[in-house]
Amino acid sequence: MRKALVGLFVVGALCVVGGSSTSCSGGGAGGTGGGSATAGGGSATAGGSAGGMATETADADAGTCTAAMTACTFVDATAADAGRTIEFGTTNPGASVPECLRVKVGQTVRFVTGANHPVVQTCGPKNRKLAAPDSATTNITFGLAGDYAGVCGIHQFPTAIRVEP
Ligand SMILES: [Cu+2]
């Protein structure tokens with residue numbers, strides 16, 4: 001819950017979408033960060049031109065997913081009324097069901113995890129985004145396009161989320 005609150009705060013600080021324009025302050029907010037100020041400014045510009053859809057910025061040290069890490073069939077859950085729940089070690093105690101889900105920026109994926117099946121991220125544009133404790137229901141809203149992959153921290157079975165712009 002604490003992480004979710006922090007995430008919302010960051011989202012609010014980056015862009016304000018108005019009726020006819022999008023105001024982004026990512027560059028200014030990143031001013032004290034030296035190198036990251038440049039990255040923040042660039043992302044803010046990209047978000048504005050895309051209609052303000054990108055609400056997060058990538059972590060410079062985040063691990064990029066390779067094709068091998070996301071070698072799975074992504075279930076299309078991009079439709080507004082699509083279900084976006086992943087049963088992680090529950091309906092099948094040794095797997096993520098579905099294993100891979102495709103969503104759009106701004107959509108929320110609900111992870112329902114079984115006992116001893118925590119979700120641990122292995123790669124993705126933002127660190128520790130794809131993470132959930134075991135025996136819990138965790139909603140994760142993806143504000144940045146890109147591929148995320150993770151595993152059960154105990155049994156290593158995989159899961160992945162592809163976030164489209
Ligand atoms: Cu497990």
# chains A, B, ... in the order shown; residues from 1 in each chain; ligands from 1
$ residues_around --residues "Ala160 in chain A" --least-positions-apart "6" --cutoff "7 Å" --atoms "only C-alpha atoms" --output "PDB file with N, CA and C atoms, in the first residue's frame"
ATOM      1  N   THR A  70      10.743 -13.389 -22.530  1.00  0.00           N
ATOM      2  CA  THR A  70       9.317 -13.176 -22.798  1.00  0.00           C
ATOM      3  C   THR A  70       8.859 -14.077 -23.946  1.00  0.00           C
ATOM      4  N   GLU A  99       0.118 -17.228 -18.442  1.00  0.00           N
ATOM      5  CA  GLU A  99       1.545 -17.031 -18.192  1.00  0.00           C
ATOM      6  C   GLU A  99       1.958 -15.630 -18.610  1.00  0.00           C
ATOM      7  N   CYS A 100       1.372 -15.159 -19.713  1.00  0.00           N
ATOM      8  CA  CYS A 100       1.771 -13.858 -20.247  1.00  0.00           C
ATOM      9  C   CYS A 100       0.549 -13.064 -20.676  1.00  0.00           C
ATOM     10  N   LEU A 101       0.518 -11.787 -20.316  1.00  0.00           N
ATOM     11  CA  LEU A 101      -0.641 -10.938 -20.575  1.00  0.00           C
ATOM     12  C   LEU A 101      -0.184  -9.653 -21.258  1.00  0.00           C
ATOM     13  N   TYR A 148       7.732  -6.590 -19.147  1.00  0.00           N
ATOM     14  CA  TYR A 148       8.134  -6.951 -17.786  1.00  0.00           C
ATOM     15  C   TYR A 148       8.077  -8.469 -17.694  1.00  0.00           C
ATOM     16  N   ALA A 149       9.061  -9.053 -17.003  1.00  0.00           N
ATOM     17  CA  ALA A 149       9.007 -10.484 -16.745  1.00  0.00           C
ATOM     18  C   ALA A 149       9.353 -10.710 -15.282  1.00  0.00           C
ATOM     19  N   GLY A 150       8.825 -11.808 -14.764  1.00  0.00           N
ATOM     20  CA  GLY A 150       9.093 -12.129 -13.374  1.00  0.00           C
ATOM     21  C   GLY A 150       8.974 -13.623 -13.161  1.00  0.00           C
TER      22      GLY A 150
END
$ closest_atom_pairs --of "chain A" --to "ligand 1" --cutoff "7 Å" --atoms "only C-alpha atoms and all ligand atoms" --output "Markdown table"
| residue | atom | partner | partner_atom_place_in_ligand_line | distance |
| --- | --- | --- | --- | --- |
| A:Gly89 | CA | ligand 1 | 1 (Cu) | 6.1 |
| A:Gly94 | CA | ligand 1 | 1 (Cu) | 6.5 |
| A:Asn116 | CA | ligand 1 | 1 (Cu) | 5.3 |
| A:His117 | CA | ligand 1 | 1 (Cu) | 3.5 |
| A:Pro118 | CA | ligand 1 | 1 (Cu) | 6.5 |
| A:Cys152 | CA | ligand 1 | 1 (Cu) | 4.6 |
| A:Gly153 | CA | ligand 1 | 1 (Cu) | 6.4 |
| A:Ile154 | CA | ligand 1 | 1 (Cu) | 5.0 |
| A:His155 | CA | ligand 1 | 1 (Cu) | 4.2 |
| A:Gln156 | CA | ligand 1 | 1 (Cu) | 6.6 |
| A:Phe157 | CA | ligand 1 | 1 (Cu) | 6.8 |
$ write_last_selection --atoms "N, CA and C atoms" --output "CSV table (one decimal), in the first residue's frame"
chain,number,residue,atom,x,y,z
A,89,GLY,N,0.0,-19.3,-9.3
A,89,GLY,CA,0.1,-20.4,-8.3
A,89,GLY,C,-1.1,-20.8,-7.5
A,94,GLY,N,1.7,-24.7,-9.9
A,94,GLY,CA,3.0,-24.6,-10.4
A,94,GLY,C,3.1,-23.7,-11.7
A,116,ASN,N,3.2,-19.2,-0.7
A,116,ASN,CA,4.6,-19.5,-1.2
A,116,ASN,C,4.8,-19.2,-2.6
A,117,HIS,N,4.0,-18.3,-3.2
A,117,HIS,CA,4.2,-18.0,-4.6
A,117,HIS,C,4.3,-16.4,-4.8
A,118,PRO,N,5.3,-15.8,-4.2
A,118,PRO,CA,5.5,-14.4,-4.4
A,118,PRO,C,6.0,-14.1,-5.8
A,152,CYS,N,8.1,-16.8,-9.9
A,152,CYS,CA,7.8,-17.1,-8.5
A,152,CYS,C,9.2,-17.0,-7.8
A,153,GLY,N,9.3,-16.3,-6.7
A,153,GLY,CA,10.5,-16.1,-6.0
A,153,GLY,C,11.0,-17.4,-5.3
A,154,ILE,N,10.1,-18.4,-5.2
A,154,ILE,CA,10.5,-19.7,-4.6
A,154,ILE,C,10.6,-20.8,-5.6
A,155,HIS,N,9.7,-20.9,-6.5
A,155,HIS,CA,9.7,-22.0,-7.5
A,155,HIS,C,10.1,-21.6,-8.9
A,156,GLN,N,10.3,-20.4,-9.1
A,156,GLN,CA,10.9,-19.9,-10.4
A,156,GLN,C,10.0,-20.0,-11.6
A,157,PHE,N,8.7,-20.4,-11.5
A,157,PHE,CA,7.9,-20.4,-12.7
A,157,PHE,C,7.6,-19.0,-13.2
$ closest_residue --among "A:Gly106, A:Gly83, A:Gly63, A:Gly114" --to "Arg128 in chain A" --atoms "only C-alpha atoms"
A:Gly63
$ select_by_dssp --residues "range 99-132 of chain A" --states "strand (DSSP E)" --output "list in words"
Cys100, Leu101, Arg102, Val103, Lys104, Thr108, Val109, Arg110, Phe111, Val112, Thr113, Val119, Val120, Gln121, Thr122 and Cys123 of chain A
